Amino acid sequence: DNKKRMQANPVVKDGLIYFPTPRGHIVCLDGSSGKLIWKYEVKRGYNAAKRGLILWEDKKNNLLKLFFTNDDQLISLNAKTGIPIKKFGKNGIIKIGSTPTVPTIIDDQLVVGSMRPAIEVYDIYTGKLKWKYYLRKINKKVVNSRDFKGGTPWGGISSDNKNGILYLTTGNAEPYLVGVKRPGKNLYTNSIIAFDIRKKKILWYFQETCHDLWNNDIAGPPLLTTINKYNKRIDVVVAVTKLGNTIILDRLTGEPIFDYK
């Protein structure tokens, strides 16, 4: 329905395929025949589910729900019908900080990484904002340390639901390329961050590039997996970067599993 590109993976469940179209509409197809089951048209913009969507089984209300972002909106649909969940925000829509990424779910909470930059947590049933955590902090030892924007988790987020830990990869600091107006290391930019949702605090961060000048943001979402090393199973988070690094860190401590230069 449009010549724009798509950046989202489809989600498949019970023979049905859910995905956004290039124009930004959400569709559900029969996986066997390709027949259109339903179509949801966003009322503005072409950014609906720009980088994906998420399915969630609401066992409390016996519903299968679909969640996705549309720039500064978080939208919830009935996955069987494509009809907005009326009790979620205002007719299925709540206002959030602008983001292109897929929300994630921990402890029945909807978590969004926004461009503020912040981690925003919403009630999964009502859409009500529970709390926010801003990733940009003031370093009082450095003059004008707050005079930069960016460091947003636009590449994507992953969650360790058992331990309640959110993993983010962040972008670079603004203004891009020229760094004289943002002295210091520009904390939490170009980084992999582990955030404890239950304690509302950063567990650790690994900054690949300090005071970035060449747009070396970590653009890909973090990958959670388990590896074997010295006959030991280690839970890790993996990030592939523009510098050609595959960074593999211990998921709980942030320590590199292999030597890192």
# chains A, B, ... in the order shown; residues from 1 in each chain; ligands from 1
>>> residues_around(residues="region 210-221 of chain A", least_positions_apart="4", cutoff="8 Å", atoms="only C-alpha atoms", output="list in words")
Trp154, Gly155, Gly156, Ile157, Ser158, Leu168, Thr169, Thr170, Gly171, Asn172, Ala173, Tyr176, Leu177, Val178, Gly179, Pro183, Gly184, Lys185, Asn186, Leu187, Thr189, Asn190, Ser191, Ala239, Val240, Thr241, Lys242 and Leu243 of chain A
>>> residues_around(residues="Arg198 (chain A)", least_positions_apart="6", cutoff="12 Å", atoms="only C-alpha atoms", output="list in words")
Ile106, Asp107, Asp108, Gln109, Val121, Trp131, Asp160, Asn161, Lys162, Asn163, Gly164, Ile165 and Leu166 of chain A
>>> select_by_dssp(residues="region 11-260 of chain A", states="strand (DSSP E or B)", output="ChimeraX atom specification")
/A:11-13,16-20,26-30,36-40,48,54-58,63-78,84,90,93-99,104-106,109-114,118-123,129-134,149-150,157-160,165-169,173-174,191-196,201-207,223-229,232-240,246-250,256
>>> write_last_selection(atoms="C-alpha atoms", output="compact mmCIF listing (two decimals), in the first residue's frame")
# COMPACT_ATOMS: atom_id res chain seq x y z
CA VAL A 11 4.52 -12.03 14.67
CA VAL A 12 2.86 -15.42 14.14
CA LYS A 13 0.48 -17.20 16.52
CA LEU A 16 -2.33 -15.92 12.08
CA ILE A 17 0.26 -13.38 10.95
CA TYR A 18 0.38 -9.87 12.43
CA PHE A 19 2.49 -7.10 10.91
CA PRO A 20 2.54 -3.43 9.84
CA ILE A 26 -1.62 -3.05 11.09
CA VAL A 27 -3.00 -6.18 9.44
CA CYS A 28 -3.82 -9.74 10.42
CA LEU A 29 -3.63 -12.44 7.73
CA ASP A 30 -4.56 -16.11 7.63
CA LEU A 36 -7.08 -10.60 5.24
CA ILE A 37 -8.72 -11.16 8.64
CA TRP A 38 -8.70 -7.54 9.77
CA LYS A 39 -6.95 -4.22 9.17
CA TYR A 40 -6.38 -1.34 11.57
CA ALA A 48 2.78 2.38 13.40
CA ILE A 54 4.19 -7.56 20.59
CA LEU A 55 1.44 -10.06 21.47
CA TRP A 56 0.32 -10.65 25.05
CA GLU A 57 -2.16 -13.08 26.57
CA ASP A 58 -4.39 -11.27 29.05
CA LEU A 63 -8.01 -11.81 25.63
CA LEU A 64 -5.10 -11.87 23.23
CA LYS A 65 -3.80 -8.31 22.93
CA LEU A 66 -1.52 -6.58 20.48
CA PHE A 67 0.69 -3.63 21.52
CA PHE A 68 2.71 -1.30 19.29
CA THR A 69 3.94 2.28 19.14
CA ASN A 70 3.08 5.00 16.63
CA ASP A 71 5.62 7.77 17.26
CA ASP A 72 4.29 9.29 20.53
CA GLN A 73 1.39 6.86 20.91
CA LEU A 74 1.15 3.41 22.47
CA ILE A 75 -1.77 1.46 21.01
CA SER A 76 -3.53 -1.71 22.20
CA LEU A 77 -5.77 -3.84 19.97
CA ASN A 78 -7.79 -7.00 20.40
CA PRO A 84 -8.92 -1.06 20.05
CA LYS A 90 -8.55 6.68 25.42
CA ILE A 93 -4.38 4.82 22.75
CA ILE A 94 -2.13 6.52 25.31
CA LYS A 95 0.36 9.38 24.88
CA ILE A 96 4.01 8.44 25.46
CA GLY A 97 7.44 9.86 24.77
CA SER A 98 8.20 9.52 21.06
CA THR A 99 9.77 6.18 20.14
CA THR A 104 8.30 -5.01 26.16
CA ILE A 105 6.44 -6.56 29.08
CA ILE A 106 7.80 -7.34 32.56
CA GLN A 109 3.95 -3.78 33.05
CA LEU A 110 4.40 -2.22 29.61
CA VAL A 111 7.88 -0.78 29.23
CA VAL A 112 8.88 1.73 26.55
CA GLY A 113 12.30 3.18 25.77
CA SER A 114 11.53 6.74 24.64
CA ALA A 118 13.75 7.67 29.36
CA ILE A 119 12.43 4.30 30.45
CA GLU A 120 8.65 4.67 30.75
CA VAL A 121 6.50 2.12 32.58
CA TYR A 122 2.72 1.84 32.07
CA ASP A 123 -0.08 -0.27 33.54
CA LEU A 129 1.71 5.91 33.59
CA LYS A 130 3.33 4.32 36.64
CA TRP A 131 6.77 5.97 36.55
CA LYS A 132 9.67 7.18 34.37
CA TYR A 133 13.43 7.00 34.69
CA TYR A 134 15.48 9.56 32.75
CA LYS A 149 20.65 15.56 23.93
CA GLY A 150 20.48 12.04 22.57
CA ILE A 157 15.14 -3.19 24.19
CA SER A 158 15.13 -6.74 25.56
CA SER A 159 13.94 -8.12 28.89
CA ASP A 160 15.00 -10.84 31.29
CA ILE A 165 16.02 -6.72 34.14
CA LEU A 166 15.67 -4.53 31.07
CA TYR A 167 18.54 -4.28 28.55
CA LEU A 168 18.93 -1.28 26.26
CA THR A 169 21.38 -0.17 23.58
CA ALA A 173 24.92 12.35 21.94
CA GLU A 174 23.67 15.44 20.14
CA SER A 191 26.14 2.10 25.67
CA ILE A 192 24.62 -1.19 26.70
CA ILE A 193 22.58 -0.62 29.86
CA ALA A 194 21.08 -3.10 32.31
CA PHE A 195 18.18 -1.65 34.29
CA ASP A 196 16.44 -3.32 37.25
CA LYS A 201 17.82 1.62 39.10
CA ILE A 202 20.66 1.03 36.63
CA LEU A 203 22.52 -2.17 37.51
CA TRP A 204 25.45 -1.52 35.19
CA TYR A 205 26.38 0.09 31.90
CA PHE A 206 29.06 -0.58 29.30
CA GLN A 207 29.97 2.47 27.20
CA LEU A 223 20.32 -10.11 22.27
CA LEU A 224 19.87 -12.30 25.35
CA THR A 225 21.26 -15.82 25.22
CA THR A 226 23.33 -18.38 27.14
CA ILE A 227 26.82 -19.55 26.14
CA ASN A 228 29.27 -22.23 27.22
CA LYS A 229 32.76 -21.22 28.37
CA LYS A 232 30.23 -23.35 32.41
CA ARG A 233 26.85 -21.99 31.29
CA ILE A 234 26.79 -18.17 31.36
CA ASP A 235 23.77 -15.95 30.75
CA VAL A 236 24.91 -13.10 28.52
CA VAL A 237 23.75 -10.03 26.63
CA VAL A 238 25.18 -9.53 23.14
CA ALA A 239 25.41 -6.32 21.08
CA VAL A 240 26.77 -5.97 17.54
CA THR A 246 30.43 -8.20 18.96
CA ILE A 247 30.28 -7.29 22.64
CA ILE A 248 29.39 -10.19 24.95
CA LEU A 249 28.77 -9.27 28.58
CA ASP A 250 27.74 -11.17 31.70
CA PRO A 256 33.08 -8.73 29.29
>>> atom_distance(atom1="CA of Ile124 (chain A)", atom2="CA of Gly89 (chain A)")
10.1 Å
>>> decode(residues="region 61-184 of chain A", atoms="C-alpha atoms", output="PDB file, in the first residue's frame")
ATOM      1  CA  ASN A  61      -9.787 -10.999  30.797  1.00  0.00           C
ATOM      2  CA  ASN A  62      -9.229 -14.013  28.494  1.00  0.00           C
ATOM      3  CA  LEU A  63      -8.013 -11.808  25.631  1.00  0.00           C
ATOM      4  CA  LEU A  64      -5.099 -11.874  23.232  1.00  0.00           C
ATOM      5  CA  LYS A  65      -3.804  -8.305  22.933  1.00  0.00           C
ATOM      6  CA  LEU A  66      -1.516  -6.577  20.478  1.00  0.00           C
ATOM      7  CA  PHE A  67       0.691  -3.631  21.522  1.00  0.00           C
ATOM      8  CA  PHE A  68       2.705  -1.300  19.286  1.00  0.00           C
ATOM      9  CA  THR A  69       3.936   2.278  19.139  1.00  0.00           C
ATOM     10  CA  ASN A  70       3.080   4.996  16.634  1.00  0.00           C
ATOM     11  CA  ASP A  71       5.616   7.772  17.263  1.00  0.00           C
ATOM     12  CA  ASP A  72       4.286   9.294  20.528  1.00  0.00           C
ATOM     13  CA  GLN A  73       1.387   6.859  20.907  1.00  0.00           C
ATOM     14  CA  LEU A  74       1.153   3.407  22.474  1.00  0.00           C
ATOM     15  CA  ILE A  75      -1.770   1.464  21.014  1.00  0.00           C
ATOM     16  CA  SER A  76      -3.525  -1.707  22.196  1.00  0.00           C
ATOM     17  CA  LEU A  77      -5.770  -3.839  19.967  1.00  0.00           C
ATOM     18  CA  ASN A  78      -7.788  -7.001  20.399  1.00  0.00           C
ATOM     19  CA  ALA A  79      -5.621  -9.399  18.362  1.00  0.00           C
ATOM     20  CA  LYS A  80      -8.632 -11.446  17.243  1.00  0.00           C
ATOM     21  CA  THR A  81     -10.675  -8.539  15.892  1.00  0.00           C
ATOM     22  CA  GLY A  82      -8.310  -5.579  15.404  1.00  0.00           C
ATOM     23  CA  ILE A  83     -10.618  -3.431  17.541  1.00  0.00           C
ATOM     24  CA  PRO A  84      -8.921  -1.063  20.050  1.00  0.00           C
ATOM     25  CA  ILE A  85      -9.072  -2.019  23.745  1.00  0.00           C
ATOM     26  CA  LYS A  86     -11.410   0.701  25.053  1.00  0.00           C
ATOM     27  CA  LYS A  87     -10.275   0.463  28.682  1.00  0.00           C
ATOM     28  CA  PHE A  88      -6.658   1.086  27.629  1.00  0.00           C
ATOM     29  CA  GLY A  89      -6.116   4.867  27.698  1.00  0.00           C
ATOM     30  CA  LYS A  90      -8.549   6.677  25.420  1.00  0.00           C
ATOM     31  CA  ASN A  91     -10.105   4.064  23.135  1.00  0.00           C
ATOM     32  CA  GLY A  92      -6.931   1.981  22.998  1.00  0.00           C
ATOM     33  CA  ILE A  93      -4.384   4.817  22.748  1.00  0.00           C
ATOM     34  CA  ILE A  94      -2.129   6.521  25.313  1.00  0.00           C
ATOM     35  CA  LYS A  95       0.357   9.377  24.878  1.00  0.00           C
ATOM     36  CA  ILE A  96       4.012   8.437  25.463  1.00  0.00           C
ATOM     37  CA  GLY A  97       7.439   9.863  24.770  1.00  0.00           C
ATOM     38  CA  SER A  98       8.197   9.523  21.060  1.00  0.00           C
ATOM     39  CA  THR A  99       9.773   6.178  20.141  1.00  0.00           C
ATOM     40  CA  PRO A 100      10.169   3.928  17.082  1.00  0.00           C
ATOM     41  CA  THR A 101      10.779   0.778  19.126  1.00  0.00           C
ATOM     42  CA  VAL A 102       8.742  -2.203  20.284  1.00  0.00           C
ATOM     43  CA  PRO A 103       7.454  -2.111  23.877  1.00  0.00           C
ATOM     44  CA  THR A 104       8.302  -5.010  26.158  1.00  0.00           C
ATOM     45  CA  ILE A 105       6.442  -6.563  29.082  1.00  0.00           C
ATOM     46  CA  ILE A 106       7.804  -7.335  32.564  1.00  0.00           C
ATOM     47  CA  ASP A 107       5.608  -8.224  35.561  1.00  0.00           C
ATOM     48  CA  ASP A 108       2.444  -7.198  33.696  1.00  0.00           C
ATOM     49  CA  GLN A 109       3.949  -3.778  33.053  1.00  0.00           C
ATOM     50  CA  LEU A 110       4.397  -2.223  29.614  1.00  0.00           C
ATOM     51  CA  VAL A 111       7.882  -0.782  29.232  1.00  0.00           C
ATOM     52  CA  VAL A 112       8.882   1.727  26.550  1.00  0.00           C
ATOM     53  CA  GLY A 113      12.297   3.179  25.770  1.00  0.00           C
ATOM     54  CA  SER A 114      11.526   6.736  24.640  1.00  0.00           C
ATOM     55  CA  MET A 115      13.459   9.525  22.959  1.00  0.00           C
ATOM     56  CA  ARG A 116      13.291  11.777  26.060  1.00  0.00           C
ATOM     57  CA  PRO A 117      15.551   9.674  26.721  1.00  0.00           C
ATOM     58  CA  ALA A 118      13.747   7.667  29.364  1.00  0.00           C
ATOM     59  CA  ILE A 119      12.431   4.304  30.450  1.00  0.00           C
ATOM     60  CA  GLU A 120       8.646   4.673  30.754  1.00  0.00           C
ATOM     61  CA  VAL A 121       6.495   2.121  32.580  1.00  0.00           C
ATOM     62  CA  TYR A 122       2.720   1.838  32.070  1.00  0.00           C
ATOM     63  CA  ASP A 123      -0.078  -0.272  33.536  1.00  0.00           C
ATOM     64  CA  ILE A 124      -0.763  -3.002  30.989  1.00  0.00           C
ATOM     65  CA  TYR A 125      -4.539  -2.996  31.609  1.00  0.00           C
ATOM     66  CA  THR A 126      -5.325   0.736  31.796  1.00  0.00           C
ATOM     67  CA  GLY A 127      -2.356   2.392  30.093  1.00  0.00           C
ATOM     68  CA  LYS A 128      -1.856   4.628  33.121  1.00  0.00           C
ATOM     69  CA  LEU A 129       1.709   5.914  33.588  1.00  0.00           C
ATOM     70  CA  LYS A 130       3.331   4.318  36.643  1.00  0.00           C
ATOM     71  CA  TRP A 131       6.774   5.973  36.551  1.00  0.00           C
ATOM     72  CA  LYS A 132       9.666   7.181  34.367  1.00  0.00           C
ATOM     73  CA  TYR A 133      13.425   6.999  34.688  1.00  0.00           C
ATOM     74  CA  TYR A 134      15.484   9.556  32.750  1.00  0.00           C
ATOM     75  CA  LEU A 135      18.745   8.230  31.312  1.00  0.00           C
ATOM     76  CA  ARG A 136      20.492  11.597  31.016  1.00  0.00           C
ATOM     77  CA  LYS A 137      22.049  12.696  34.288  1.00  0.00           C
ATOM     78  CA  ILE A 138      23.838  15.854  35.424  1.00  0.00           C
ATOM     79  CA  ASN A 139      27.531  15.507  36.276  1.00  0.00           C
ATOM     80  CA  LYS A 140      28.149  18.431  38.626  1.00  0.00           C
ATOM     81  CA  LYS A 141      31.924  18.075  38.255  1.00  0.00           C
ATOM     82  CA  VAL A 142      31.738  18.908  34.547  1.00  0.00           C
ATOM     83  CA  VAL A 143      30.574  22.332  33.419  1.00  0.00           C
ATOM     84  CA  ASN A 144      27.548  22.210  31.094  1.00  0.00           C
ATOM     85  CA  SER A 145      27.425  18.417  31.381  1.00  0.00           C
ATOM     86  CA  ARG A 146      23.689  18.500  30.648  1.00  0.00           C
ATOM     87  CA  ASP A 147      24.130  20.460  27.423  1.00  0.00           C
ATOM     88  CA  PHE A 148      23.634  17.452  25.175  1.00  0.00           C
ATOM     89  CA  LYS A 149      20.648  15.558  23.931  1.00  0.00           C
ATOM     90  CA  GLY A 150      20.483  12.037  22.570  1.00  0.00           C
ATOM     91  CA  GLY A 151      21.619   8.819  24.165  1.00  0.00           C
ATOM     92  CA  THR A 152      18.192   7.418  23.340  1.00  0.00           C
ATOM     93  CA  PRO A 153      17.399   3.673  23.342  1.00  0.00           C
ATOM     94  CA  TRP A 154      16.090   3.820  19.778  1.00  0.00           C
ATOM     95  CA  GLY A 155      17.790   0.583  18.662  1.00  0.00           C
ATOM     96  CA  GLY A 156      15.535  -1.614  20.766  1.00  0.00           C
ATOM     97  CA  ILE A 157      15.138  -3.189  24.195  1.00  0.00           C
ATOM     98  CA  SER A 158      15.127  -6.738  25.563  1.00  0.00           C
ATOM     99  CA  SER A 159      13.937  -8.117  28.886  1.00  0.00           C
ATOM    100  CA  ASP A 160      14.997 -10.838  31.289  1.00  0.00           C
ATOM    101  CA  ASN A 161      11.541 -11.460  32.757  1.00  0.00           C
ATOM    102  CA  LYS A 162      12.733 -13.905  35.412  1.00  0.00           C
ATOM    103  CA  ASN A 163      15.119 -11.400  36.994  1.00  0.00           C
ATOM    104  CA  GLY A 164      13.145  -8.282  36.075  1.00  0.00           C
ATOM    105  CA  ILE A 165      16.021  -6.724  34.141  1.00  0.00           C
ATOM    106  CA  LEU A 166      15.671  -4.530  31.074  1.00  0.00           C
ATOM    107  CA  TYR A 167      18.536  -4.282  28.548  1.00  0.00           C
ATOM    108  CA  LEU A 168      18.931  -1.279  26.262  1.00  0.00           C
ATOM    109  CA  THR A 169      21.377  -0.170  23.579  1.00  0.00           C
ATOM    110  CA  THR A 170      21.646   3.598  23.285  1.00  0.00           C
ATOM    111  CA  GLY A 171      22.376   6.142  20.590  1.00  0.00           C
ATOM    112  CA  ASN A 172      24.993   8.855  20.454  1.00  0.00           C
ATOM    113  CA  ALA A 173      24.922  12.350  21.935  1.00  0.00           C
ATOM    114  CA  GLU A 174      23.667  15.441  20.141  1.00  0.00           C
ATOM    115  CA  PRO A 175      24.755  17.697  18.588  1.00  0.00           C
ATOM    116  CA  TYR A 176      26.273  15.004  16.374  1.00  0.00           C
ATOM    117  CA  LEU A 177      29.866  15.146  15.100  1.00  0.00           C
ATOM    118  CA  VAL A 178      30.741  18.417  16.896  1.00  0.00           C
ATOM    119  CA  GLY A 179      31.472  17.816  20.570  1.00  0.00           C
ATOM    120  CA  VAL A 180      32.584  21.171  21.963  1.00  0.00           C
ATOM    121  CA  LYS A 181      29.177  21.909  23.466  1.00  0.00           C
ATOM    122  CA  ARG A 182      28.925  18.588  25.294  1.00  0.00           C
ATOM    123  CA  PRO A 183      32.166  18.079  27.308  1.00  0.00           C
ATOM    124  CA  GLY A 184      32.894  14.897  29.220  1.00  0.00           C
TER     125      GLY A 184
END
